[in-house]
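What follows is a set of notes on a single structure, which appears directly below.
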Amino acid sequence: MSEVRIAAEPRTEFGKGAARRTRRAGKVPAVLYGHGTDPQHISLPGHDLMLALKTPNVLLTIEGLGGGSELALPKDVQRDPIKGFLEHVDLLLVKRGEKVVVDLPVNVVGDVVAGGQVAQTEVEISVETEATKIPESVDLDISGLEIDSQVLAKDLKLPSGTTLAADEDTLILQILDATAATAPEAEAAETEGEAAEGEAEAAAE
């Protein structure tokens with residue numbers, strides 16, 4: 001579990017104009033909420049925050065707050081749709097030992113069976129785990145899975161201390177027949193080729 005310390009400053013100005021000024025100063029507007037407390041409006045150093053958010057479900061120790069440092073998880077990260085820079089971040093207060101629901105990446109490992117093709121329908125899965133011990137991912141080993149095999153959420157081997165929060169019948173992945181998928185395309189190409197040949201012969205006549 002990655003834990004990153006980051007310094008916050010209180011925000012007293014609000015609105016689009018204030019947010020733009022905050023970002024021009026190299027900082028990111030953020031809101032810290034949870035545990036029944038009033039939301040705290042803060043700004044965070046943009047570069048440090050960007051590096052921290054490269055880790056999924058990173059645990060942040062927010063320093064510089066009036067009541068001392070707090071632990072928080074990023075819950076909603078807004079980025080500019082074109083340039084990709086951070087526009088705003090919502091942070092959820094957490095405590096050590098507290099259970100939280102987070103989305104973990106599903107990491108497919110192993111080799112697909114000969115003639116098979118992996119069709120992954122879910123790249124993340126919701127789990128409940130301790131806030132300070134969030135795993136980085138859930139590994140799904142596809143070694144030995146035959147064609148037409150399906151993996152549901154309940155089939156995943158979750159890390160220790162983690163329980164499933166998603167619907168247990170959610171389809172995560174299936175192994176398709178790669179040859180069956182390419183056959184119609186080959187037939188279509190062959191048909192097009194025959195048609196082209198027929199048109200050429202007709203033109204020659």
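As shown in the structure tokens, the chain order sets the letters A, B, ...; within each chain, residues go from 1, and ligands are also counted from 1 in the order they appear.
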### Task
Please provide as a VMD selection string all residues within 6 Å of Ala8 of chain A, with the sequence filter that same-chain residues fewer than 6 positions apart are discarded (counting only C-alpha atoms).
chain A and resid 43 to 44 63 to 64
Quick one: everything within 12 Å of Ile42 of chain A, counting only C-alpha atoms, minus sequence neighbours fewer than 6 positions away in the same chain. Send it as a short mmCIF file (atom, residue, chain, number, x, y, z; two decimals) with N, CA and C atoms, in the first residue's frame.
data_model
loop_
_atom_site.label_atom_id
_atom_site.label_comp_id
_atom_site.auth_asym_id
_atom_site.auth_seq_id
_atom_site.Cartn_x
_atom_site.Cartn_y
_atom_site.Cartn_z
N ILE A 6 1.54 14.84 1.59
CA ILE A 6 1.36 15.98 0.69
C ILE A 6 0.84 17.17 1.49
N ALA A 7 1.38 18.36 1.20
CA ALA A 7 1.06 19.55 1.98
C ALA A 7 -0.14 20.28 1.36
N ALA A 8 -1.08 20.64 2.21
CA ALA A 8 -2.29 21.34 1.76
C ALA A 8 -2.27 22.78 2.23
N GLU A 9 -2.98 23.61 1.48
CA GLU A 9 -3.21 25.00 1.89
C GLU A 9 -4.71 25.25 1.86
N PRO A 10 -5.26 26.02 2.82
CA PRO A 10 -6.69 26.30 2.81
C PRO A 10 -7.08 27.16 1.62
N ARG A 11 -8.29 26.93 1.11
CA ARG A 11 -8.82 27.74 0.00
C ARG A 11 -9.94 28.60 0.51
N THR A 12 -9.86 29.90 0.26
CA THR A 12 -10.91 30.81 0.71
C THR A 12 -11.67 31.43 -0.45
N GLU A 13 -11.15 31.27 -1.67
CA GLU A 13 -11.82 31.78 -2.86
C GLU A 13 -12.42 30.61 -3.64
N PHE A 14 -13.59 30.84 -4.21
CA PHE A 14 -14.27 29.76 -4.93
C PHE A 14 -14.76 30.28 -6.28
N ALA A 19 -10.49 29.02 -9.25
CA ALA A 19 -9.89 27.73 -9.58
C ALA A 19 -8.80 27.91 -10.63
N THR A 22 -5.75 29.27 -9.00
CA THR A 22 -5.08 28.22 -8.22
C THR A 22 -4.24 27.34 -9.13
N LYS A 27 -1.10 24.70 -8.45
CA LYS A 27 -1.81 23.94 -7.43
C LYS A 27 -3.13 23.42 -7.98
N VAL A 28 -3.72 22.46 -7.28
CA VAL A 28 -4.97 21.84 -7.71
C VAL A 28 -6.04 22.04 -6.63
N PRO A 29 -7.20 22.61 -6.98
CA PRO A 29 -8.29 22.73 -5.99
C PRO A 29 -8.77 21.34 -5.57
N ALA A 30 -9.08 21.21 -4.28
CA ALA A 30 -9.54 19.92 -3.77
C ALA A 30 -10.53 20.14 -2.63
N VAL A 31 -11.34 19.10 -2.39
CA VAL A 31 -12.28 19.11 -1.27
C VAL A 31 -12.03 17.84 -0.45
N LEU A 32 -11.91 18.02 0.86
CA LEU A 32 -11.68 16.92 1.79
C LEU A 32 -12.94 16.74 2.62
N TYR A 33 -13.54 15.54 2.58
CA TYR A 33 -14.81 15.33 3.27
C TYR A 33 -14.87 13.91 3.85
N ILE A 62 -2.60 14.07 4.34
CA ILE A 62 -2.76 15.49 4.06
C ILE A 62 -2.25 16.29 5.26
N GLU A 63 -1.18 17.05 5.03
CA GLU A 63 -0.58 17.85 6.10
C GLU A 63 -0.92 19.32 5.91
N GLY A 64 -0.75 20.09 7.00
CA GLY A 64 -1.01 21.52 6.93
C GLY A 64 -2.44 21.90 7.24
N LEU A 65 -3.24 20.96 7.73
CA LEU A 65 -4.62 21.26 8.09
C LEU A 65 -4.69 21.84 9.50
N GLY A 66 -5.77 22.57 9.78
CA GLY A 66 -5.90 23.20 11.09
C GLY A 66 -5.90 22.21 12.24
N HIS A 88 -9.54 19.22 -10.56
CA HIS A 88 -10.14 19.19 -9.22
C HIS A 88 -10.09 17.76 -8.68
N VAL A 89 -9.96 17.63 -7.37
CA VAL A 89 -9.91 16.30 -6.75
C VAL A 89 -10.79 16.29 -5.50
N ASP A 90 -11.62 15.25 -5.38
CA ASP A 90 -12.38 15.00 -4.15
C ASP A 90 -11.62 13.95 -3.35
N LEU A 91 -11.44 14.23 -2.05
CA LEU A 91 -10.70 13.33 -1.17
C LEU A 91 -11.60 12.86 -0.03
#
### Message
I'd like the contact shell of segment 92-107 of chain A - 9 Å cut-off, only C-alpha atoms, skipping same-chain residues fewer than 3 positions apart - returned as an NGL selection string.
### Response
:A and (31-35 or 56-57 or 70-75 or 122-141 or 165 or 172)
### Query
So, counting only C-alpha atoms, which residue among A:Val4, A:Leu86, A:Ala180, A:Met50 is closest to Ile147 of chain A?
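So, comparing all the options, the nearest one is A:Ala180.
When only C-alpha atoms are used to compute distances to Arg23 of chain A, the closest of the residues A:His47, A:Lys54, A:Arg5, A:His41 turns out to be A:His47.
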### Task
Within chain A, find each residue whose DSSP state, derived from the backbone, is strand (DSSP E or B), and express the selection as number ranges by chain.
A: 3-7, 9-10, 27-34, 37-45, 59-63, 70-79, 86-94, 99-109, 116-120, 124-130, 138-141, 150-152, 163-164, 171-177
Residues of the last selection are to be written out with C-alpha atoms, as an mmCIF file, in the first residue's frame.
data_model
loop_
_atom_site.group_PDB
_atom_site.id
_atom_site.type_symbol
_atom_site.label_atom_id
_atom_site.label_comp_id
_atom_site.auth_asym_id
_atom_site.auth_seq_id
_atom_site.Cartn_x
_atom_site.Cartn_y
_atom_site.Cartn_z
ATOM 1 C CA GLU A 3 1.269 6.216 1.320
ATOM 2 C CA VAL A 4 2.261 9.699 0.214
ATOM 3 C CA ARG A 5 2.602 12.821 2.349
ATOM 4 C CA ILE A 6 1.364 15.978 0.688
ATOM 5 C CA ALA A 7 1.056 19.549 1.975
ATOM 6 C CA GLU A 9 -3.210 24.999 1.892
ATOM 7 C CA PRO A 10 -6.693 26.303 2.812
ATOM 8 C CA LYS A 27 -1.806 23.939 -7.433
ATOM 9 C CA VAL A 28 -4.969 21.842 -7.707
ATOM 10 C CA PRO A 29 -8.288 22.729 -5.994
ATOM 11 C CA ALA A 30 -9.544 19.918 -3.771
ATOM 12 C CA VAL A 31 -12.277 19.109 -1.267
ATOM 13 C CA LEU A 32 -11.681 16.917 1.787
ATOM 14 C CA TYR A 33 -14.809 15.328 3.269
ATOM 15 C CA GLY A 34 -16.114 12.373 5.274
ATOM 16 C CA THR A 37 -17.343 16.619 9.154
ATOM 17 C CA ASP A 38 -17.822 19.812 7.175
ATOM 18 C CA PRO A 39 -16.032 19.715 3.802
ATOM 19 C CA GLN A 40 -12.610 21.362 3.856
ATOM 20 C CA HIS A 41 -11.657 23.310 0.731
ATOM 21 C CA ILE A 42 -7.931 23.074 0.114
ATOM 22 C CA SER A 43 -5.342 23.303 -2.643
ATOM 23 C CA LEU A 44 -2.566 20.771 -3.235
ATOM 24 C CA PRO A 45 0.751 21.037 -5.100
ATOM 25 C CA LEU A 59 -3.328 6.754 0.475
ATOM 26 C CA LEU A 60 -2.580 10.435 1.064
ATOM 27 C CA THR A 61 -1.458 11.940 4.352
ATOM 28 C CA ILE A 62 -2.760 15.494 4.064
ATOM 29 C CA GLU A 63 -0.580 17.849 6.098
ATOM 30 C CA GLU A 70 -5.452 13.489 7.990
ATOM 31 C CA LEU A 71 -5.531 10.308 5.902
ATOM 32 C CA ALA A 72 -7.529 10.443 2.675
ATOM 33 C CA LEU A 73 -8.253 8.485 -0.492
ATOM 34 C CA PRO A 74 -8.887 10.106 -3.901
ATOM 35 C CA LYS A 75 -12.540 9.469 -4.821
ATOM 36 C CA ASP A 76 -13.135 11.710 -7.838
ATOM 37 C CA VAL A 77 -10.362 13.071 -10.043
ATOM 38 C CA GLN A 78 -11.325 15.587 -12.721
ATOM 39 C CA ARG A 79 -8.889 16.201 -15.586
ATOM 40 C CA LEU A 86 -5.691 17.986 -13.012
ATOM 41 C CA GLU A 87 -8.670 20.314 -12.554
ATOM 42 C CA HIS A 88 -10.141 19.191 -9.218
ATOM 43 C CA VAL A 89 -9.910 16.302 -6.751
ATOM 44 C CA ASP A 90 -12.378 14.998 -4.155
ATOM 45 C CA LEU A 91 -10.699 13.329 -1.166
ATOM 46 C CA LEU A 92 -12.406 10.984 1.290
ATOM 47 C CA LEU A 93 -11.251 11.023 4.917
ATOM 48 C CA VAL A 94 -10.321 7.571 6.256
ATOM 49 C CA LYS A 99 -13.028 -0.602 5.909
ATOM 50 C CA VAL A 100 -13.586 1.138 2.560
ATOM 51 C CA VAL A 101 -14.954 0.106 -0.835
ATOM 52 C CA VAL A 102 -12.556 0.718 -3.726
ATOM 53 C CA ASP A 103 -12.117 -0.417 -7.330
ATOM 54 C CA LEU A 104 -9.037 -2.561 -7.957
ATOM 55 C CA PRO A 105 -7.568 -3.197 -11.429
ATOM 56 C CA VAL A 106 -7.943 -6.793 -12.642
ATOM 57 C CA ASN A 107 -4.484 -7.841 -13.849
ATOM 58 C CA VAL A 108 -4.578 -10.765 -16.300
ATOM 59 C CA VAL A 109 -1.527 -13.052 -16.063
ATOM 60 C CA GLY A 116 -8.092 -18.965 -27.722
ATOM 61 C CA GLN A 117 -8.718 -15.235 -27.447
ATOM 62 C CA VAL A 118 -9.161 -13.273 -24.211
ATOM 63 C CA ALA A 119 -12.294 -11.105 -23.996
ATOM 64 C CA GLN A 120 -12.099 -9.054 -20.780
ATOM 65 C CA GLU A 124 -11.763 -3.258 -12.416
ATOM 66 C CA ILE A 125 -13.623 -4.927 -9.552
ATOM 67 C CA SER A 126 -15.162 -3.359 -6.425
ATOM 68 C CA VAL A 127 -13.863 -4.783 -3.154
ATOM 69 C CA GLU A 128 -14.007 -3.937 0.535
ATOM 70 C CA THR A 129 -10.694 -3.701 2.332
ATOM 71 C CA GLU A 130 -8.879 -1.844 5.103
ATOM 72 C CA VAL A 138 -6.291 -8.459 -8.305
ATOM 73 C CA ASP A 139 -4.346 -11.005 -10.351
ATOM 74 C CA LEU A 140 -6.343 -13.295 -12.632
ATOM 75 C CA ASP A 141 -4.335 -16.281 -13.916
ATOM 76 C CA GLN A 150 -15.863 -17.835 -18.171
ATOM 77 C CA VAL A 151 -14.544 -16.126 -15.049
ATOM 78 C CA LEU A 152 -17.102 -14.437 -12.775
ATOM 79 C CA THR A 163 -13.830 -9.195 0.274
ATOM 80 C CA LEU A 164 -15.952 -8.818 -2.849
ATOM 81 C CA LEU A 171 -18.649 -11.468 -15.876
ATOM 82 C CA ILE A 172 -14.961 -10.535 -15.720
ATOM 83 C CA LEU A 173 -13.478 -12.450 -18.615
ATOM 84 C CA GLN A 174 -14.110 -15.242 -21.089
ATOM 85 C CA ILE A 175 -11.955 -17.260 -23.474
ATOM 86 C CA LEU A 176 -13.277 -17.156 -27.026
ATOM 87 C CA ASP A 177 -12.451 -19.365 -29.998
#
### Query
If you measure from atom CA of Val58 of chain A to atom CA of Thr162 of chain A, what distance in Å do you get, rounded to one decimal?
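Separating atom CA of Val58 of chain A from atom CA of Thr162 of chain A is a distance of 16.4 Å.
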### Task
From segment 21-173 of chain A, collect each residue whose DSSP state is alpha helix (DSSP H) and return the set as JSON, numbers by chain.
{"A": [21, 22, 23, 24, 46, 47, 48, 49, 50, 51, 52]}
Would you output that residue set with N, CA, C and O atoms, as an mmCIF file, in the first residue's frame?
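Result saved to result_29.cif:
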data_model
loop_
_atom_site.group_PDB
_atom_site.id
_atom_site.type_symbol
_atom_site.label_atom_id
_atom_site.label_comp_id
_atom_site.auth_asym_id
_atom_site.auth_seq_id
_atom_site.Cartn_x
_atom_site.Cartn_y
_atom_site.Cartn_z
ATOM 1 N N ARG A 21 -6.975 30.581 -11.112
ATOM 2 C CA ARG A 21 -5.820 31.209 -10.463
ATOM 3 C C ARG A 21 -5.030 30.193 -9.658
ATOM 4 O O ARG A 21 -3.792 30.222 -9.634
ATOM 5 N N THR A 22 -5.750 29.269 -9.003
ATOM 6 C CA THR A 22 -5.082 28.223 -8.223
ATOM 7 C C THR A 22 -4.236 27.340 -9.134
ATOM 8 O O THR A 22 -3.079 27.027 -8.822
ATOM 9 N N ARG A 23 -4.805 26.968 -10.284
ATOM 10 C CA ARG A 23 -4.072 26.094 -11.204
ATOM 11 C C ARG A 23 -2.882 26.825 -11.843
ATOM 12 O O ARG A 23 -1.835 26.225 -12.079
ATOM 13 N N ARG A 24 -3.046 28.119 -12.123
ATOM 14 C CA ARG A 24 -1.926 28.893 -12.683
ATOM 15 C C ARG A 24 -0.761 28.955 -11.698
ATOM 16 O O ARG A 24 0.400 29.080 -12.098
ATOM 17 N N GLY A 46 0.365 20.711 -7.491
ATOM 18 C CA GLY A 46 -0.033 19.967 -8.670
ATOM 19 C C GLY A 46 0.922 18.855 -9.060
ATOM 20 O O GLY A 46 0.500 17.737 -9.344
ATOM 21 N N HIS A 47 2.233 19.134 -9.064
ATOM 22 C CA HIS A 47 3.197 18.118 -9.502
ATOM 23 C C HIS A 47 3.210 16.932 -8.547
ATOM 24 O O HIS A 47 3.186 15.774 -8.974
ATOM 25 N N ASP A 48 3.252 17.222 -7.245
ATOM 26 C CA ASP A 48 3.280 16.143 -6.247
ATOM 27 C C ASP A 48 2.008 15.296 -6.328
ATOM 28 O O ASP A 48 2.061 14.061 -6.221
ATOM 29 N N LEU A 49 0.869 15.963 -6.513
ATOM 30 C CA LEU A 49 -0.398 15.243 -6.584
ATOM 31 C C LEU A 49 -0.465 14.372 -7.839
ATOM 32 O O LEU A 49 -0.925 13.225 -7.798
ATOM 33 N N MET A 50 0.007 14.906 -8.963
ATOM 34 C CA MET A 50 -0.001 14.150 -10.210
ATOM 35 C C MET A 50 0.833 12.876 -10.078
ATOM 36 O O MET A 50 0.426 11.791 -10.505
ATOM 37 N N LEU A 51 2.004 12.983 -9.456
ATOM 38 C CA LEU A 51 2.859 11.810 -9.256
ATOM 39 C C LEU A 51 2.179 10.800 -8.331
ATOM 40 O O LEU A 51 2.223 9.590 -8.573
ATOM 41 N N ALA A 52 1.543 11.294 -7.271
ATOM 42 C CA ALA A 52 0.887 10.401 -6.315
ATOM 43 C C ALA A 52 -0.252 9.636 -6.970
ATOM 44 O O ALA A 52 -0.445 8.434 -6.712
#
